[in-house]
file query07.pdb (PDB, C-alpha atoms)
ATOM      1  CA  MET A   1     -78.758  12.458  -1.795
ATOM      2  CA  THR A   2     -81.028  14.239   0.660
ATOM      3  CA  VAL A   3     -80.078  17.399   2.544
ATOM      4  CA  VAL A   4     -81.513  17.435   6.053
ATOM      5  CA  GLU A   5     -81.436  20.648   8.036
ATOM      6  CA  ILE A   6     -81.302  20.155  11.787
ATOM      7  CA  ARG A   7     -82.048  23.274  13.779
ATOM      8  CA  ILE A   8     -81.203  23.243  17.487
ATOM      9  CA  GLU A   9     -82.514  26.016  19.722
ATOM     10  CA  LEU A  10     -82.393  26.654  23.430
ATOM     11  CA  LYS A  11     -85.678  26.057  25.244
ATOM     12  CA  LYS A  12     -87.620  29.047  26.533
ATOM     13  CA  GLY A  13     -86.163  30.266  29.812
ATOM     14  CA  VAL A  14     -82.701  28.784  29.259
ATOM     15  CA  ALA A  15     -79.986  31.438  29.399
ATOM     16  CA  ASP A  16     -78.322  32.297  26.088
ATOM     17  CA  PRO A  17     -75.153  34.124  27.146
ATOM     18  CA  GLU A  18     -73.765  34.310  23.615
ATOM     19  CA  GLY A  19     -76.999  35.899  22.453
ATOM     20  CA  SER A  20     -77.209  38.389  25.289
ATOM     21  CA  ASN A  21     -73.558  39.383  24.962
ATOM     22  CA  THR A  22     -74.033  39.852  21.225
ATOM     23  CA  ARG A  23     -77.033  42.097  21.945
ATOM     24  CA  LYS A  24     -74.980  44.211  24.350
ATOM     25  CA  THR A  25     -72.122  44.518  21.884
ATOM     26  CA  LEU A  26     -74.493  45.561  19.082
ATOM     27  CA  GLU A  27     -75.883  48.213  21.404
ATOM     28  CA  SER A  28     -72.400  49.463  22.250
ATOM     29  CA  LEU A  29     -71.669  49.705  18.507
ATOM     30  CA  GLY A  30     -74.626  52.074  18.174
ATOM     31  CA  PHE A  31     -77.353  49.737  16.873
ATOM     32  CA  GLU A  32     -80.623  50.986  18.329
ATOM     33  CA  GLY A  33     -83.781  49.032  19.064
ATOM     34  CA  VAL A  34     -82.191  45.577  19.323
ATOM     35  CA  ALA A  35     -84.581  43.929  21.789
ATOM     36  CA  SER A  36     -82.985  40.490  21.873
ATOM     37  CA  VAL A  37     -80.525  38.204  20.116
ATOM     38  CA  LYS A  38     -81.009  34.457  20.150
ATOM     39  CA  THR A  39     -78.413  31.973  18.911
ATOM     40  CA  VAL A  40     -79.389  28.858  16.998
ATOM     41  CA  LYS A  41     -77.184  25.992  15.876
ATOM     42  CA  VAL A  42     -77.838  24.420  12.501
ATOM     43  CA  PHE A  43     -76.386  21.241  11.031
ATOM     44  CA  GLU A  44     -76.830  20.578   7.313
ATOM     45  CA  VAL A  45     -76.466  16.851   6.849
ATOM     46  CA  ASP A  46     -76.141  15.223   3.412
ATOM     47  CA  ILE A  47     -77.546  11.724   3.650
ATOM     48  CA  ASP A  48     -77.507   9.092   0.942
ATOM     49  CA  ALA A  49     -81.103   7.956   1.561
ATOM     50  CA  PRO A  50     -84.610   8.878   0.370
ATOM     51  CA  ALA A  51     -86.265  11.881   2.016
ATOM     52  CA  ASP A  52     -88.505  10.038   4.497
ATOM     53  CA  ARG A  53     -85.690   7.797   5.714
ATOM     54  CA  ALA A  54     -83.266  10.751   5.909
ATOM     55  CA  ALA A  55     -85.774  12.686   8.045
ATOM     56  CA  GLU A  56     -86.080   9.737  10.446
ATOM     57  CA  MET A  57     -82.304   9.508  10.652
ATOM     58  CA  GLY A  58     -82.118  13.235  11.404
ATOM     59  CA  GLU A  59     -84.523  12.807  14.343
ATOM     60  CA  GLU A  60     -82.487   9.911  15.650
ATOM     61  CA  MET A  61     -79.228  11.887  15.311
ATOM     62  CA  CYS A  62     -80.736  14.602  17.511
ATOM     63  CA  ARG A  63     -81.855  12.130  20.149
ATOM     64  CA  ARG A  64     -78.573  10.256  20.213
ATOM     65  CA  LEU A  65     -75.935  12.921  19.653
ATOM     66  CA  LEU A  66     -76.741  16.424  18.499
ATOM     67  CA  ALA A  67     -79.279  17.821  20.962
ATOM     68  CA  ASN A  68     -79.429  18.022  24.734
ATOM     69  CA  PRO A  69     -83.116  17.455  25.539
ATOM     70  CA  VAL A  70     -82.803  19.094  28.948
ATOM     71  CA  ILE A  71     -82.117  22.531  27.490
ATOM     72  CA  GLN A  72     -82.650  22.298  23.733
ATOM     73  CA  ASN A  73     -85.443  21.810  21.207
ATOM     74  CA  TYR A  74     -84.737  20.556  17.719
ATOM     75  CA  LYS A  75     -86.455  20.594  14.366
ATOM     76  CA  VAL A  76     -85.572  18.432  11.379
ATOM     77  CA  THR A  77     -86.450  19.656   7.880
ATOM     78  CA  VAL A  78     -85.780  17.962   4.575
ATOM     79  CA  ARG A  79     -84.726  20.420   1.876
TER      80      ARG A  79
ATOM     81  CA  MET B  23     -90.981  44.416  16.179
ATOM     82  CA  THR B  24     -89.228  42.647  13.313
ATOM     83  CA  VAL B  25     -87.444  39.318  13.616
ATOM     84  CA  VAL B  26     -84.362  39.156  11.427
ATOM     85  CA  GLU B  27     -82.675  35.836  10.852
ATOM     86  CA  ILE B  28     -78.959  36.077  10.164
ATOM     87  CA  ARG B  29     -77.432  32.901   8.787
ATOM     88  CA  ILE B  30     -73.644  32.626   8.787
ATOM     89  CA  GLU B  31     -71.981  29.838   6.829
ATOM     90  CA  LEU B  32     -68.398  28.955   6.080
ATOM     91  CA  LYS B  33     -67.319  29.689   2.522
ATOM     92  CA  LYS B  34     -66.743  26.807   0.145
ATOM     93  CA  GLY B  35     -63.325  25.263   0.734
ATOM     94  CA  VAL B  36     -62.972  26.478   4.315
ATOM     95  CA  ALA B  37     -62.450  23.601   6.754
ATOM     96  CA  ASP B  38     -65.379  22.830   9.056
ATOM     97  CA  PRO B  39     -63.797  20.687  11.794
ATOM     98  CA  GLU B  40     -66.940  20.618  13.928
ATOM     99  CA  GLY B  41     -68.916  19.376  10.948
ATOM    100  CA  SER B  42     -66.401  16.734   9.952
ATOM    101  CA  ASN B  43     -65.993  15.469  13.509
ATOM    102  CA  THR B  44     -69.777  15.280  13.851
ATOM    103  CA  ARG B  45     -69.900  13.238  10.629
ATOM    104  CA  LYS B  46     -67.285  10.815  11.959
ATOM    105  CA  THR B  47     -69.087  10.446  15.269
ATOM    106  CA  LEU B  48     -72.419   9.781  13.521
ATOM    107  CA  GLU B  49     -70.662   7.111  11.476
ATOM    108  CA  SER B  50     -69.188   5.522  14.592
ATOM    109  CA  LEU B  51     -72.683   5.463  16.133
ATOM    110  CA  GLY B  52     -73.849   3.379  13.181
ATOM    111  CA  PHE B  53     -75.518   5.999  10.973
ATOM    112  CA  GLU B  54     -74.922   4.931   7.373
ATOM    113  CA  GLY B  55     -74.764   7.072   4.266
ATOM    114  CA  VAL B  56     -73.876  10.361   5.980
ATOM    115  CA  ALA B  57     -71.884  12.026   3.213
ATOM    116  CA  SER B  58     -71.173  15.323   4.960
ATOM    117  CA  VAL B  59     -72.150  17.515   7.889
ATOM    118  CA  LYS B  60     -71.913  21.279   7.645
ATOM    119  CA  THR B  61     -72.346  23.614  10.611
ATOM    120  CA  VAL B  62     -74.173  26.919  10.288
ATOM    121  CA  LYS B  63     -74.536  29.672  12.863
ATOM    122  CA  VAL B  64     -77.846  31.499  13.099
ATOM    123  CA  PHE B  65     -78.708  34.654  15.038
ATOM    124  CA  GLU B  66     -82.358  35.578  15.494
ATOM    125  CA  VAL B  67     -82.444  39.288  16.185
ATOM    126  CA  ASP B  68     -85.575  41.094  17.383
ATOM    127  CA  ILE B  69     -85.373  44.677  16.195
ATOM    128  CA  ASP B  70     -87.780  47.465  17.001
ATOM    129  CA  ALA B  71     -87.867  48.837  13.453
ATOM    130  CA  PRO B  72     -89.867  48.291  10.248
ATOM    131  CA  ALA B  73     -88.878  45.313   8.087
ATOM    132  CA  ASP B  74     -86.820  47.170   5.472
ATOM    133  CA  ARG B  75     -84.823  49.104   8.068
ATOM    134  CA  ALA B  76     -84.339  45.950  10.185
ATOM    135  CA  ALA B  77     -82.974  44.091   7.149
ATOM    136  CA  GLU B  78     -80.476  46.893   6.489
ATOM    137  CA  MET B  79     -79.420  46.804  10.137
ATOM    138  CA  GLY B  80     -78.947  43.036   9.899
ATOM    139  CA  GLU B  81     -76.589  43.471   6.935
ATOM    140  CA  GLU B  82     -74.636  46.117   8.809
ATOM    141  CA  MET B  83     -74.425  43.897  11.923
ATOM    142  CA  CYS B  84     -72.822  41.187   9.795
ATOM    143  CA  ARG B  85     -70.310  43.566   8.256
ATOM    144  CA  ARG B  86     -69.358  45.168  11.566
ATOM    145  CA  LEU B  87     -69.554  42.312  14.079
ATOM    146  CA  LEU B  88     -71.133  38.973  13.328
ATOM    147  CA  ALA B  89     -69.409  37.635  10.226
ATOM    148  CA  ASN B  90     -65.801  37.195   9.218
ATOM    149  CA  PRO B  91     -65.787  38.014   5.485
ATOM    150  CA  VAL B  92     -62.522  36.138   4.918
ATOM    151  CA  ILE B  93     -64.073  32.760   5.692
ATOM    152  CA  GLN B  94     -67.825  33.274   6.034
ATOM    153  CA  ASN B  95     -70.851  34.155   3.922
ATOM    154  CA  TYR B  96     -73.981  35.575   5.468
ATOM    155  CA  LYS B  97     -77.619  35.888   4.551
ATOM    156  CA  VAL B  98     -80.153  38.164   6.214
ATOM    157  CA  THR B  99     -83.847  37.236   6.067
ATOM    158  CA  VAL B 100     -86.801  39.089   7.561
ATOM    159  CA  ARG B 101     -89.401  36.751   9.046
TER     160      ARG B 101
END
call {"tool": "encode", "arguments": {"input": "query07.pdb", "output": "structure tokens"}}
result
Amino acid sequence: MTVVEIRIELKKGVADPEGSNTRKTLESLGFEGVASVKTVKVFEVDIDAPADRAAEMGEEMCRRLLANPVIQNYKVTVR
Amino acid sequence: MTVVEIRIELKKGVADPEGSNTRKTLESLGFEGVASVKTVKVFEVDIDAPADRAAEMGEEMCRRLLANPVIQNYKVTVR
């Protein structure tokens, strides 16, 4: 069993309203010096395949389902 | 400037409907051997503070805003 971590981030310049609202809320709670908050989505996928094959499958999952290539970058890591 | 990564996961035994629906959809797309999919939420917080202070702030952010201790675990890492 291989655990593949798929990390999906917004591309530079794409608005991250959840992140910016979280930053504002942290500020209003009294946290000082919070310059920015960025949200990232992670999927941990358990795949019954050897590491190299599982990594390939992770890439394909991003292309076909998990990521939106217009606004998101993804990174697949085998753990 | 310190970048703090805050990783928020569901506790063991808590249902992860987004993860299980993603698993089913991957299966229906023809991906074989996908045993489970777990979703994780990550916040990358840029804090204008030294690393040790930023890590403490990250822990406090989880306790006060970002995590729900009933169903979630969190981990704060300085990068």
call {"tool": "atom_distance", "arguments": {"input": "query07.pdb", "atom1": "atom CA of Val40 of chain A", "atom2": "atom CA of Ala71 of chain B"}}
result
22.0 Å
call {"tool": "resolve_selection", "arguments": {"input": "query07.pdb", "expression": "the PyMOL selection byres ((chain B) within 6 of (chain A))", "output": "PyMOL selection string"}}
result
chain B and resi 55-70
call {"tool": "write_last_selection", "arguments": {"input": "query07.pdb", "atoms": "C-alpha atoms", "output": "tab-separated table (two decimals), in the frame of the given file"}}
result
chain	number	residue	atom	x	y	z
B	55	GLY	CA	-74.76	7.07	4.27
B	56	VAL	CA	-73.88	10.36	5.98
B	57	ALA	CA	-71.88	12.03	3.21
B	58	SER	CA	-71.17	15.32	4.96
B	59	VAL	CA	-72.15	17.52	7.89
B	60	LYS	CA	-71.91	21.28	7.64
B	61	THR	CA	-72.35	23.61	10.61
B	62	VAL	CA	-74.17	26.92	10.29
B	63	LYS	CA	-74.54	29.67	12.86
B	64	VAL	CA	-77.85	31.50	13.10
B	65	PHE	CA	-78.71	34.65	15.04
B	66	GLU	CA	-82.36	35.58	15.49
B	67	VAL	CA	-82.44	39.29	16.18
B	68	ASP	CA	-85.58	41.09	17.38
B	69	ILE	CA	-85.37	44.68	16.20
B	70	ASP	CA	-87.78	47.46	17.00
call {"tool": "calpha_fit_and_write", "arguments": {"input": "query07.pdb", "fixed": "chain B", "moving": "chain A", "output": "PDB file with C-alpha atoms, in the coordinates of the input"}}
result
ATOM      1  CA  MET A   1     -90.985  44.393  16.192  1.00  0.00           C
ATOM      2  CA  THR A   2     -89.241  42.647  13.319  1.00  0.00           C
ATOM      3  CA  VAL A   3     -87.455  39.306  13.616  1.00  0.00           C
ATOM      4  CA  VAL A   4     -84.361  39.160  11.428  1.00  0.00           C
ATOM      5  CA  GLU A   5     -82.675  35.831  10.851  1.00  0.00           C
ATOM      6  CA  ILE A   6     -78.959  36.069  10.169  1.00  0.00           C
ATOM      7  CA  ARG A   7     -77.438  32.899   8.795  1.00  0.00           C
ATOM      8  CA  ILE A   8     -73.645  32.624   8.784  1.00  0.00           C
ATOM      9  CA  GLU A   9     -71.983  29.827   6.829  1.00  0.00           C
ATOM     10  CA  LEU A  10     -68.403  28.945   6.071  1.00  0.00           C
ATOM     11  CA  LYS A  11     -67.313  29.686   2.507  1.00  0.00           C
ATOM     12  CA  LYS A  12     -66.728  26.785   0.138  1.00  0.00           C
ATOM     13  CA  GLY A  13     -63.318  25.245   0.738  1.00  0.00           C
ATOM     14  CA  VAL A  14     -62.975  26.476   4.323  1.00  0.00           C
ATOM     15  CA  ALA A  15     -62.456  23.609   6.761  1.00  0.00           C
ATOM     16  CA  ASP A  16     -65.379  22.833   9.069  1.00  0.00           C
ATOM     17  CA  PRO A  17     -63.801  20.693  11.795  1.00  0.00           C
ATOM     18  CA  GLU A  18     -66.944  20.623  13.927  1.00  0.00           C
ATOM     19  CA  GLY A  19     -68.913  19.378  10.943  1.00  0.00           C
ATOM     20  CA  SER A  20     -66.402  16.736   9.941  1.00  0.00           C
ATOM     21  CA  ASN A  21     -65.998  15.474  13.500  1.00  0.00           C
ATOM     22  CA  THR A  22     -69.773  15.286  13.850  1.00  0.00           C
ATOM     23  CA  ARG A  23     -69.913  13.248  10.627  1.00  0.00           C
ATOM     24  CA  LYS A  24     -67.294  10.825  11.946  1.00  0.00           C
ATOM     25  CA  THR A  25     -69.088  10.449  15.260  1.00  0.00           C
ATOM     26  CA  LEU A  26     -72.418   9.782  13.519  1.00  0.00           C
ATOM     27  CA  GLU A  27     -70.679   7.107  11.475  1.00  0.00           C
ATOM     28  CA  SER A  28     -69.192   5.529  14.591  1.00  0.00           C
ATOM     29  CA  LEU A  29     -72.690   5.470  16.129  1.00  0.00           C
ATOM     30  CA  GLY A  30     -73.854   3.373  13.177  1.00  0.00           C
ATOM     31  CA  PHE A  31     -75.530   6.000  10.968  1.00  0.00           C
ATOM     32  CA  GLU A  32     -74.934   4.927   7.381  1.00  0.00           C
ATOM     33  CA  GLY A  33     -74.756   7.078   4.271  1.00  0.00           C
ATOM     34  CA  VAL A  34     -73.876  10.370   5.980  1.00  0.00           C
ATOM     35  CA  ALA A  35     -71.871  12.043   3.206  1.00  0.00           C
ATOM     36  CA  SER A  36     -71.162  15.330   4.960  1.00  0.00           C
ATOM     37  CA  VAL A  37     -72.145  17.519   7.893  1.00  0.00           C
ATOM     38  CA  LYS A  38     -71.917  21.282   7.655  1.00  0.00           C
ATOM     39  CA  THR A  39     -72.351  23.624  10.617  1.00  0.00           C
ATOM     40  CA  VAL A  40     -74.174  26.924  10.298  1.00  0.00           C
ATOM     41  CA  LYS A  41     -74.549  29.669  12.878  1.00  0.00           C
ATOM     42  CA  VAL A  42     -77.848  31.502  13.103  1.00  0.00           C
ATOM     43  CA  PHE A  43     -78.702  34.642  15.049  1.00  0.00           C
ATOM     44  CA  GLU A  44     -82.360  35.576  15.496  1.00  0.00           C
ATOM     45  CA  VAL A  45     -82.431  39.284  16.194  1.00  0.00           C
ATOM     46  CA  ASP A  46     -85.570  41.098  17.387  1.00  0.00           C
ATOM     47  CA  ILE A  47     -85.366  44.676  16.192  1.00  0.00           C
ATOM     48  CA  ASP A  48     -87.778  47.465  17.008  1.00  0.00           C
ATOM     49  CA  ALA A  49     -87.875  48.844  13.445  1.00  0.00           C
ATOM     50  CA  PRO A  50     -89.878  48.286  10.245  1.00  0.00           C
ATOM     51  CA  ALA A  51     -88.883  45.326   8.073  1.00  0.00           C
ATOM     52  CA  ASP A  52     -86.815  47.180   5.455  1.00  0.00           C
ATOM     53  CA  ARG A  53     -84.832  49.105   8.061  1.00  0.00           C
ATOM     54  CA  ALA A  54     -84.348  45.959  10.185  1.00  0.00           C
ATOM     55  CA  ALA A  55     -82.979  44.099   7.142  1.00  0.00           C
ATOM     56  CA  GLU A  56     -80.474  46.902   6.493  1.00  0.00           C
ATOM     57  CA  MET A  57     -79.425  46.813  10.132  1.00  0.00           C
ATOM     58  CA  GLY A  58     -78.954  43.043   9.905  1.00  0.00           C
ATOM     59  CA  GLU A  59     -76.590  43.473   6.933  1.00  0.00           C
ATOM     60  CA  GLU A  60     -74.639  46.106   8.804  1.00  0.00           C
ATOM     61  CA  MET A  61     -74.411  43.900  11.922  1.00  0.00           C
ATOM     62  CA  CYS A  62     -72.823  41.180   9.787  1.00  0.00           C
ATOM     63  CA  ARG A  63     -70.305  43.559   8.263  1.00  0.00           C
ATOM     64  CA  ARG A  64     -69.370  45.155  11.560  1.00  0.00           C
ATOM     65  CA  LEU A  65     -69.550  42.328  14.080  1.00  0.00           C
ATOM     66  CA  LEU A  66     -71.131  38.982  13.331  1.00  0.00           C
ATOM     67  CA  ALA A  67     -69.407  37.639  10.220  1.00  0.00           C
ATOM     68  CA  ASN A  68     -65.789  37.209   9.212  1.00  0.00           C
ATOM     69  CA  PRO A  69     -65.771  38.017   5.483  1.00  0.00           C
ATOM     70  CA  VAL A  70     -62.520  36.143   4.915  1.00  0.00           C
ATOM     71  CA  ILE A  71     -64.063  32.763   5.690  1.00  0.00           C
ATOM     72  CA  GLN A  72     -67.814  33.279   6.032  1.00  0.00           C
ATOM     73  CA  ASN A  73     -70.844  34.151   3.917  1.00  0.00           C
ATOM     74  CA  TYR A  74     -73.979  35.566   5.468  1.00  0.00           C
ATOM     75  CA  LYS A  75     -77.620  35.881   4.550  1.00  0.00           C
ATOM     76  CA  VAL A  76     -80.156  38.153   6.220  1.00  0.00           C
ATOM     77  CA  THR A  77     -83.849  37.231   6.075  1.00  0.00           C
ATOM     78  CA  VAL A  78     -86.779  39.074   7.579  1.00  0.00           C
ATOM     79  CA  ARG A  79     -89.369  36.718   9.054  1.00  0.00           C
TER      80      ARG A  79
END
call {"tool": "atom_distance", "arguments": {"input": "query07.pdb", "atom1": "atom CA of Gln72 of chain A", "atom2": "atom CA of Gly13 of chain A"}}
result
10.6 Å
call {"tool": "atom_distance", "arguments": {"input": "query07.pdb", "atom1": "atom CA of Val70 of chain A", "atom2": "atom CA of Ala55 of chain A"}}
result
22.1 Å
call {"tool": "closest_residue", "arguments": {"input": "query07.pdb", "among": "A:Ser28, A:Asn21, A:Ala51, A:Leu10", "to": "Tyr74 of chain A", "atoms": "only C-alpha atoms"}}
result
A:Leu10
call {"tool": "closest_residue", "arguments": {"input": "query07.pdb", "among": "B:Lys33, B:Glu49, B:Cys84, B:Pro72", "to": "Val98 of chain B", "atoms": "all atoms listed in the file"}}
result
B:Cys84
